[in-house]
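Raw contents of target.txt, compact mmCIF, C-alpha atoms:
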```txt
# COMPACT_ATOMS: atom_id res chain seq x y z
CA MET A 1083 0.00 0.00 0.00
CA LEU A 1084 1.36 3.40 -0.95
CA VAL A 1085 1.83 6.00 1.74
CA THR A 1086 1.28 9.75 1.54
CA LEU A 1087 4.46 11.81 1.36
CA VAL A 1088 5.58 12.68 4.87
CA ALA A 1089 8.51 14.49 6.41
CA VAL A 1090 10.36 12.23 8.78
CA VAL A 1091 10.94 13.84 12.18
CA VAL A 1092 14.49 13.76 13.51
CA THR A 1093 14.41 12.16 16.95
CA GLY A 1094 16.88 10.33 19.10
CA CYS A 1095 19.89 11.78 17.30
CA SER A 1096 23.32 11.40 18.87
CA GLY A 1097 26.07 13.61 17.57
CA THR A 1098 29.65 12.32 17.35
CA ALA A 1099 31.63 15.39 16.45
CA SER A 1100 34.80 14.22 18.15
CA SER A 1101 38.13 14.47 16.35
CA PHE A 1102 39.39 11.58 14.25
CA PRO A 1103 42.65 9.79 15.00
CA THR A 1104 44.86 11.07 12.18
CA VAL A 1105 47.64 9.23 10.40
CA SER A 1106 50.35 11.22 8.66
CA ALA A 1107 50.38 11.19 4.87
CA SER A 1108 54.02 10.12 5.10
CA SER A 1109 52.78 6.62 5.92
CA THR A 1110 51.72 6.16 2.31
CA PRO A 1111 54.03 5.29 -0.60
CA ALA A 1112 55.41 8.04 -2.79
CA ALA A 1113 53.26 9.11 -5.72
CA SER A 1114 55.73 7.62 -8.18
CA THR A 1115 55.23 4.10 -6.82
CA THR A 1116 53.26 1.93 -9.21
CA THR A 1117 52.86 -1.17 -7.06
CA ALA A 1118 53.54 -1.13 -3.35
CA PRO A 1119 54.86 -4.31 -1.76
CA ALA A 1120 52.31 -6.47 0.03
CA GLY A 1121 54.09 -5.99 3.36
CA THR A 1122 54.13 -2.76 5.33
CA ALA A 1123 56.51 -1.37 7.94
CA GLY A 1124 57.89 -3.91 10.38
CA SER A 1125 56.68 -7.49 10.13
CA VAL A 1126 53.01 -6.70 9.57
CA THR A 1127 51.84 -8.13 6.23
CA ALA A 1128 48.95 -7.01 4.04
CA THR A 1129 47.11 -10.19 5.04
CA ALA A 1130 47.45 -9.29 8.71
CA HIS A 1131 46.07 -5.81 8.04
CA ARG A 1132 42.98 -7.30 6.41
CA ALA A 1133 42.49 -10.00 9.02
CA ALA A 1134 42.60 -7.42 11.79
CA ARG A 1135 39.47 -5.79 10.39
CA GLY A 1136 37.59 -9.00 9.60
CA GLY A 1137 39.27 -9.69 6.26
CA LEU A 1138 38.33 -6.33 4.75
CA ALA A 1139 40.28 -4.03 2.47
CA ALA A 1140 39.41 -0.60 1.06
CA VAL A 1141 39.94 0.07 -2.64
CA VAL A 1142 40.16 3.75 -3.56
CA THR A 1143 40.53 5.81 -6.75
CA ALA A 1144 43.37 8.34 -6.89
CA GLU A 1145 42.50 10.02 -10.17
CA ILE A 1146 45.20 12.71 -10.18
CA GLU A 1147 47.79 9.95 -9.81
CA HIS A 1148 46.04 7.76 -12.44
CA ALA A 1149 45.93 4.93 -9.94
CA VAL A 1150 43.75 2.64 -7.85
CA LEU A 1151 44.88 1.99 -4.28
CA GLU A 1152 44.34 -0.80 -1.79
CA VAL A 1153 44.23 0.71 1.70
CA SER A 1154 44.29 -0.99 5.09
CA PRO A 1155 41.15 -0.05 7.07
CA VAL A 1156 43.16 -0.74 10.24
CA THR A 1157 46.16 1.58 9.81
CA GLY A 1158 45.30 3.58 6.70
CA ARG A 1159 48.48 2.43 4.98
CA VAL A 1160 48.49 1.99 1.21
CA LEU A 1161 49.14 -1.71 0.67
CA ARG A 1162 49.08 -1.67 -3.11
CA ARG A 1163 49.06 0.98 -5.84
CA VAL A 1164 48.20 0.07 -9.43
CA ALA A 1165 48.42 2.35 -12.46
CA VAL A 1166 45.16 2.62 -14.42
CA THR A 1167 44.65 4.22 -17.82
CA GLY A 1168 43.45 7.81 -17.63
CA ASP A 1169 41.84 9.28 -14.55
CA PRO A 1170 39.98 6.49 -12.71
CA THR A 1171 37.20 8.27 -10.85
CA THR A 1172 34.64 5.64 -9.84
CA LEU A 1173 34.61 1.96 -8.89
CA ALA A 1174 32.21 -0.95 -8.60
CA ALA A 1175 33.03 -4.48 -7.54
CA ALA A 1176 31.49 -7.92 -7.37
CA PRO A 1177 32.01 -9.69 -4.02
CA THR A 1178 34.87 -11.77 -5.42
CA GLY A 1179 35.88 -9.44 -8.24
CA PRO A 1180 36.53 -8.17 -10.72
CA ILE A 1181 36.64 -4.47 -9.89
CA VAL A 1182 35.33 -2.13 -12.58
CA ALA A 1183 37.02 1.29 -12.78
CA CYS A 1184 35.72 4.11 -14.99
CA SER A 1185 38.08 6.71 -16.48
CA PRO A 1186 35.87 9.36 -18.15
CA ALA A 1187 38.60 11.52 -19.68
CA ALA A 1188 40.25 8.50 -21.30
CA GLY A 1189 36.96 6.93 -22.43
CA THR A 1190 38.11 3.69 -20.81
CA VAL A 1191 36.66 1.08 -18.45
CA THR A 1192 39.29 -1.07 -16.74
CA LEU A 1193 38.65 -4.45 -15.12
CA LEU A 1194 40.96 -5.39 -12.25
CA SER A 1195 41.21 -8.73 -10.49
CA TRP A 1196 40.39 -9.12 -6.82
CA PRO A 1197 42.34 -9.77 -4.73
CA GLY A 1198 45.55 -8.44 -6.25
CA LEU A 1199 44.32 -5.43 -8.25
CA ARG A 1200 45.83 -6.83 -11.44
CA PRO A 1201 44.48 -5.15 -14.61
CA VAL A 1202 42.88 -7.88 -16.71
CA ALA A 1203 41.10 -5.90 -19.44
CA ALA A 1204 40.65 -2.37 -20.75
CA LEU A 1205 37.50 -1.55 -22.73
CA HIS A 1206 37.69 1.51 -24.96
CA ARG A 1207 34.29 1.61 -26.69
CA PHE A 1208 33.06 4.50 -24.53
CA ARG A 1209 33.02 8.27 -24.82
CA THR A 1210 32.72 9.37 -21.19
CA PRO A 1211 32.12 6.36 -18.92
CA GLU A 1212 30.93 7.66 -15.56
CA ILE A 1213 29.57 5.01 -13.23
CA ALA A 1214 29.62 1.22 -13.04
CA ALA A 1215 27.15 -0.95 -11.13
CA ILE A 1216 27.37 -4.70 -10.58
CA ALA A 1217 24.33 -6.97 -10.92
CA PRO A 1218 23.53 -9.08 -7.83
CA ASP A 1219 24.61 -12.29 -9.57
CA GLY A 1220 28.08 -10.82 -10.09
CA GLU A 1221 28.04 -11.80 -13.75
CA TRP A 1222 27.22 -8.44 -15.31
CA ALA A 1223 28.20 -4.81 -14.93
CA LEU A 1224 26.30 -1.80 -16.20
CA VAL A 1225 28.25 1.31 -17.18
CA SER A 1226 26.66 4.72 -17.72
CA ASP A 1227 28.14 7.08 -20.29
CA ALA A 1228 27.54 10.84 -20.15
CA ALA A 1229 27.10 10.71 -23.93
CA GLY A 1230 23.70 9.15 -23.18
CA THR A 1231 24.02 5.38 -23.03
CA VAL A 1232 24.12 2.47 -20.59
CA SER A 1233 26.17 -0.61 -21.55
CA ALA A 1234 26.02 -4.15 -20.21
CA ILE A 1235 29.39 -5.90 -19.80
CA ARG A 1236 29.65 -9.65 -19.31
CA LEU A 1237 32.42 -9.82 -16.73
CA SER A 1238 33.54 -13.35 -17.57
CA SER A 1239 34.27 -12.50 -21.22
CA HIS A 1240 35.11 -8.78 -20.77
CA ARG A 1241 32.74 -8.00 -23.63
CA ILE A 1242 29.99 -5.43 -24.11
CA ALA A 1243 26.81 -7.43 -24.75
CA ASP A 1244 24.38 -4.58 -25.30
CA ARG A 1245 24.07 -0.80 -25.20
CA VAL A 1246 20.91 1.30 -24.92
CA TRP A 1247 20.20 5.01 -25.27
CA VAL A 1248 18.79 6.55 -22.06
CA GLY A 1249 19.51 10.27 -22.47
CA ARG A 1250 22.43 12.66 -22.29
CA GLY A 1251 24.17 13.02 -18.96
CA ALA A 1252 23.66 9.40 -17.83
CA HIS A 1253 25.45 9.16 -14.52
CA HIS A 1254 24.64 7.51 -11.18
CA MET A 1255 22.85 4.17 -11.25
CA ALA A 1256 21.27 1.67 -8.90
CA ILE A 1257 20.36 -1.96 -9.57
CA SER A 1258 17.49 -3.65 -7.73
CA PRO A 1259 18.34 -6.56 -5.39
CA ASP A 1260 16.59 -9.00 -7.73
CA GLY A 1261 18.69 -7.78 -10.66
CA ARG A 1262 15.70 -6.99 -12.86
CA VAL A 1263 15.61 -3.18 -12.84
CA ALA A 1264 18.10 -0.31 -12.84
CA TRP A 1265 17.45 3.37 -12.19
CA VAL A 1266 19.74 5.83 -14.01
CA ALA A 1267 20.01 9.54 -13.14
CA LEU A 1268 20.54 11.82 -16.13
CA GLY A 1269 23.20 14.10 -14.71
CA GLU A 1270 24.71 14.92 -11.33
CA THR A 1271 21.86 17.38 -10.82
CA ALA A 1272 19.25 15.21 -12.48
CA HIS A 1273 15.67 16.19 -13.21
CA THR A 1274 14.98 12.87 -14.94
CA ILE A 1275 15.64 9.31 -13.80
CA VAL A 1276 15.32 6.48 -16.32
CA ARG A 1277 13.94 3.10 -15.28
CA LEU A 1278 15.74 0.37 -17.19
CA ASP A 1279 14.58 -3.23 -17.64
CA ILE A 1280 17.72 -5.36 -17.27
CA THR A 1281 16.02 -8.75 -16.89
CA ASP A 1282 18.06 -9.86 -19.90
CA PRO A 1283 21.32 -7.85 -19.89
CA LYS A 1284 21.86 -8.77 -23.54
CA HIS A 1285 18.69 -6.84 -24.38
CA LEU A 1286 18.43 -3.71 -22.25
CA ARG A 1287 15.15 -1.82 -22.46
CA VAL A 1288 13.92 1.58 -21.21
CA ALA A 1289 10.83 0.89 -19.09
CA GLY A 1290 9.88 4.38 -17.96
CA ARG A 1291 11.00 7.68 -16.46
CA VAL A 1292 10.73 9.32 -13.06
CA HIS A 1293 10.84 13.08 -12.56
CA PRO A 1294 12.18 13.66 -9.03
CA ARG A 1295 10.89 16.35 -6.68
CA THR A 1296 14.31 18.01 -6.46
CA ALA A 1297 17.45 18.04 -8.56
CA SER A 1298 18.88 14.61 -7.76
CA HIS A 1299 22.38 13.19 -7.52
CA ASP A 1300 22.73 9.55 -6.45
CA LEU A 1301 20.24 6.75 -5.89
CA ALA A 1302 20.17 3.39 -4.12
CA PHE A 1303 17.67 0.57 -3.76
CA SER A 1304 16.81 -0.37 -0.18
CA PRO A 1305 17.76 -3.95 0.80
CA SER A 1306 14.14 -5.06 0.33
CA GLY A 1307 14.05 -3.61 -3.18
CA LYS A 1308 10.71 -1.97 -2.48
CA THR A 1309 12.00 1.61 -2.35
CA VAL A 1310 14.70 3.73 -3.94
CA TRP A 1311 16.48 6.42 -1.92
CA VAL A 1312 17.41 9.45 -4.05
CA THR A 1313 19.81 12.12 -2.80
CA SER A 1314 19.50 15.80 -3.58
CA SER A 1315 21.86 18.24 -5.26
CA ASP A 1316 20.51 21.16 -3.26
CA ALA A 1317 17.87 20.16 -0.67
CA PRO A 1318 18.90 18.94 2.84
CA TYR A 1319 17.08 15.63 2.62
CA VAL A 1320 16.84 12.31 0.79
CA THR A 1321 13.60 11.43 -0.99
CA VAL A 1322 12.30 7.86 -0.84
CA TYR A 1323 10.38 6.56 -3.87
CA THR A 1324 8.47 3.35 -4.41
CA ALA A 1325 10.43 1.14 -6.78
CA ALA A 1326 7.30 -0.14 -8.50
CA THR A 1327 5.71 3.20 -9.40
CA GLY A 1328 8.34 5.88 -8.85
CA ARG A 1329 6.05 7.80 -6.46
CA PRO A 1330 7.65 9.71 -3.57
CA VAL A 1331 6.55 8.32 -0.20
CA ALA A 1332 8.88 9.88 2.37
CA SER A 1333 11.75 12.28 2.94
CA VAL A 1334 14.65 11.80 5.34
CA PRO A 1335 16.51 14.85 6.72
CA ALA A 1336 20.25 14.89 6.03
CA GLY A 1337 23.21 17.23 5.75
CA THR A 1338 23.74 19.96 3.16
CA ALA A 1339 22.95 18.57 -0.31
CA PRO A 1340 23.47 14.91 0.69
CA GLN A 1341 25.33 13.14 -2.10
CA HIS A 1342 25.40 9.40 -1.45
CA VAL A 1343 23.54 6.63 0.34
CA ALA A 1344 24.73 3.15 1.34
CA PHE A 1345 22.94 0.39 3.22
CA SER A 1346 24.17 -2.11 5.78
CA GLN A 1347 23.32 -5.76 5.32
CA SER A 1348 22.82 -6.34 9.04
CA SER A 1349 19.46 -6.82 10.71
CA PRO A 1350 17.79 -4.45 11.17
CA ALA A 1351 19.21 -2.78 8.08
CA ARG A 1352 20.48 0.78 8.35
CA ALA A 1353 20.96 3.54 5.79
CA TYR A 1354 24.03 5.80 5.81
CA VAL A 1355 23.77 9.23 4.19
CA ALA A 1356 26.90 11.30 3.48
CA SER A 1357 27.09 15.06 2.93
CA GLY A 1358 30.52 16.18 1.79
CA TYR A 1359 29.62 19.85 1.94
CA GLY A 1360 27.90 19.46 5.30
CA ARG A 1361 30.84 17.43 6.71
CA SER A 1362 28.34 14.92 8.08
CA LEU A 1363 27.26 11.29 8.03
CA GLU A 1364 23.86 10.14 9.30
CA MET A 1365 22.84 6.60 10.23
CA VAL A 1366 19.12 6.14 9.60
CA ASP A 1367 16.63 3.49 10.67
CA ILE A 1368 15.11 2.39 7.36
CA ALA A 1369 11.71 1.45 8.76
CA SER A 1370 11.02 4.73 10.57
CA GLY A 1371 13.36 7.18 8.87
CA ARG A 1372 14.67 8.18 12.29
CA ILE A 1373 18.27 9.37 12.51
CA LEU A 1374 20.01 7.13 15.04
CA HIS A 1375 23.51 8.60 14.99
CA ARG A 1376 25.34 11.46 13.34
CA ALA A 1377 29.10 11.89 12.85
CA ALA A 1378 31.35 14.69 11.65
CA LEU A 1379 33.43 13.97 8.54
CA PRO A 1380 36.35 15.68 6.78
CA TYR A 1381 35.15 18.28 4.29
CA GLY A 1382 34.42 16.78 0.87
CA SER A 1383 33.61 13.25 2.09
CA PHE A 1384 31.02 12.51 -0.56
CA ASN A 1385 31.38 8.78 -1.26
CA LEU A 1386 30.98 5.92 1.16
CA SER A 1387 30.92 2.13 1.43
CA THR A 1388 29.81 -0.31 4.11
CA ALA A 1389 30.90 -3.87 4.94
CA GLY A 1390 31.05 -5.94 8.09
CA SER A 1391 31.28 -3.67 11.12
CA ILE A 1392 32.63 -0.54 9.44
CA VAL A 1393 31.65 2.39 7.25
CA ALA A 1394 34.30 4.05 5.08
CA THR A 1395 34.24 7.42 3.33
CA THR A 1396 36.59 9.28 1.01
CA SER A 1397 37.19 12.99 0.60
CA LEU A 1398 37.48 14.25 -2.95
CA LEU A 1399 38.90 17.53 -1.69
CA ASP A 1400 41.76 16.40 0.54
CA GLY A 1401 42.24 12.69 -0.21
CA LYS A 1402 41.28 11.43 3.24
CA VAL A 1403 39.92 7.95 3.91
CA THR A 1404 37.83 7.83 7.09
CA ILE A 1405 36.82 4.65 8.90
CA LEU A 1406 33.92 4.57 11.39
CA GLU A 1407 32.14 1.87 13.37
CA ALA A 1408 28.93 0.91 11.57
CA GLY A 1409 26.91 0.46 14.76
CA ASN A 1410 27.42 3.90 16.30
CA LEU A 1411 29.53 5.94 13.83
CA ARG A 1412 32.36 6.14 16.32
CA PRO A 1413 35.45 7.37 14.38
CA ARG A 1414 38.33 4.93 14.14
CA LEU A 1415 40.74 6.41 11.62
CA SER A 1416 41.25 9.25 9.15
CA VAL A 1417 44.26 9.25 6.83
CA THR A 1418 45.32 11.07 3.69
CA VAL A 1419 46.12 8.54 0.96
CA ALA A 1420 46.21 10.74 -2.17
CA PRO A 1421 45.73 14.36 -3.30
CA GLU A 1422 42.14 13.40 -4.20
CA ALA A 1423 40.22 10.26 -3.26
CA ARG A 1424 36.88 10.16 -5.03
CA GLU A 1425 35.52 6.61 -4.74
CA ILE A 1426 35.86 3.80 -2.19
CA VAL A 1427 34.63 0.21 -2.03
CA LEU A 1428 35.10 -2.15 0.91
CA LEU A 1429 35.86 -5.72 -0.15
CA ARG A 1430 36.40 -8.98 1.66
CA THR A 1431 39.66 -10.79 1.11
CA PRO A 1432 40.52 -14.47 1.37
CA GLY A 1433 42.27 -15.65 4.52
CA PRO A 1434 45.85 -16.94 4.61
CA SER A 1435 44.70 -20.26 3.18
CA GLY A 1436 42.37 -18.72 0.66
```
In structure tokens, write the structure found in this file.
Amino acid sequence: MLVTLVAVVVTGCSGTASSFPTVSASSTPAASTTTAPAGTAGSVTATAHRAARGGLAAVVTAEIEHAVLEVSPVTGRVLRRVAVTGDPTTLAAAPTGPIVACSPAAGTVTLLSWPGLRPVAALHRFRTPEIAAIAPDGEWALVSDAAGTVSAIRLSSHRIADRVWVGRGAHHMAISPDGRVAWVALGETAHTIVRLDITDPKHLRVAGRVHPRTASHDLAFSPSGKTVWVTSSDAPYVTVYTAATGRPVASVPAGTAPQHVAFSQSSPARAYVASGYGRSLEMVDIASGRILHRAALPYGSFNLSTAGSIVATTSLLDGKVTILEAGNLRPRLSVTVAPEAREIVLLRTPGPSG
């Protein structure tokens, strides 16, 4: 049953504006390094770094350095640095790889293995590839191109299977948990969102359009797949739409022009909303829309990722990676890893025997 649009009241908020533990930038390799050794200072290995945080690693784009980095979420040290064609700005990853990196200026999409960050393929049949999204089955990736298309890549063969016109400015995307539908925002301040039928990735089809209440930026399906959370380019809230009809049903207060949303997979599921300009991160109860915790972030922390017991963000403006506890947003670490750090994904890694 559809609900009337309501404003969600902010109750029970708990601010966490304490300072972050900061690690010096000197703990990272020099910019000229192309591949950092697996071990770090002393006898601590990259495997030990991952194991200490539940087998997790953070993979980050460093576009000015034309590189993708693997960063320890425990110490903030750069464990591996891999050169990538052009200016890799955004990432998407299947649970066991590969990682898909988009380089808009170079018109290139690069596939990297995981673990290891070894480049395995470079696809050049793009004009301005912006965003990649991985289907739930891990077999397909969608890539939006600002020239106006969305392409489906079969990850096993590294081939583009289909491409469909959606409209100029195609940018952020979200794929439903059942892998049947994708929503595509036309621009970073989008006034149109395209609903794409991806039931058969070899035959993509435009299924409809949604015209959001405010200029929109990013979008994400809730874990149930019943709603889509759409961030705003100018309003201090996130709008929640029904996935089936595209009707707005709720709004959730957030920081200044909230850019990105990520969801935990724990029960009950939580939403995390980042505002780079507002220097804030909110943890939201999905069922009620109530803000449970709020944390201060470094300025420019637009992108975020969740996995296990942590939330990670990156600052495009000063290159900081910030790690917080997922349950209460208590800050654990903030470290500068590059001049700019636009995108981050948290990935699980195999254990010593894996």
Calculated over only C-alpha atoms, which of the candidates A:Val1334, A:Ala1423, A:Val1202, A:Leu1415 has the smallest distance to Lys1402 of chain A?
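Of all the options, A:Ala1423 lies closest to Lys1402 of chain A.
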- Message: Report as a PyMOL selection string all protein, DNA and RNA residues lying within 7 Å of Ser1298 of chain A, evaluated on all atoms listed in the file, omitting residues in the same chain fewer than 5 positions from it.
- Response: chain A and resi 1270-1273+1312-1315
task: Write out as a VMD selection string each polymer residue whose atoms come within 8 Å of segment 1203-1209 of chain A, counting only C-alpha atoms; drop sequence neighbours fewer than 3 positions from it.
output: chain A and resid 1186 1189 to 1194 1227 to 1229 1240
* Would you list the contacts of segment 1168-1177 of chain A as an MDAnalysis selection string, taking every protein, DNA or RNA residue within 6 Å and counting all atoms listed in the file, but skipping same-chain residues closer than 5 positions in sequence? => chainID A and resid 1143 1145 1148 1182:1185 1188 1214:1215 1220 1425
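Using all atoms listed in the file, the nearest neighbour of Ala1420 of chain A within the list A:Ala1339, A:Ala1243, A:Leu1399, A:Val1276 is A:Leu1399.
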Q. If you measure from atom CA of Ala1140 of chain A to atom CA of Ala1394 of chain A, what distance in Å do you get, rounded to one decimal?
A.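 Answer for the atom CA of Ala1140 of chain A to atom CA of Ala1394 of chain A separation: 8.0 Å.
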### All residues 6 Å or closer to segment 1403-1409 of chain A, all atoms listed in the file, same chain fewer than 3 positions away omitted, as a list in words
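Listed by chain and then number, they are Ser1391, Ile1392, Val1393, Ala1394, Thr1395, Thr1396, Arg1412, Pro1413, Arg1414, Leu1415, Ser1416 and Val1417 of chain A.
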Residue contacts of segment 1305-1310 of chain A (7 Å, only C-alpha atoms) excluding same-chain residues fewer than 5 positions away, as a PyMOL selection string:
chain A and resi 1258-1259+1322-1325
In terms of all atoms listed in the file, the residue from A:Thr1178, A:Thr1281, A:Ser1233, A:Thr1388 at minimal distance from Val1263 of chain A is A:Thr1281
* To do: Using atom CA of Gly1261 of chain A and atom CA of Arg1287 of chain A as the two end points, give the distance in Å to one decimal.
  =>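 Result for atom CA of Gly1261 of chain A versus atom CA of Arg1287 of chain A: 13.7 Å, one decimal.
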Review point. Please, which residues are within 7 Å of (20.6, 10.2, 2.9) by the file's coordinates, counting all atoms listed in the file, and could they come as a PyMOL selection string?
Key: chain A and resi 1313+1319-1320+1334+1336+1340+1342-1343+1354-1356
Quiz prompt | Counting only C-alpha atoms, the option among A:Phe1384, A:Leu1199, A:Arg1262, A:Arg1250 closest to Pro1218 of chain A | solution =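 Under the stated criterion, the closest residue is A:Arg1262.
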- Nearest-residue call for Ser1362 of chain A, choices A:Ile1213, A:Ala1344, A:Leu1411, A:Val1288, using all atoms listed in the file: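 Ranked by minimum distance to Ser1362 of chain A, first place goes to A:Leu1411.
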Between atom CA of Ala1353 of chain A and atom CA of Pro1318 of chain A lies a distance of 15.8 Å
Among A:His1375, A:Arg1329, A:Arg1430, A:His1254, Gln1341 of chain A is approached most closely, using all atoms listed in the file, by A:His1254
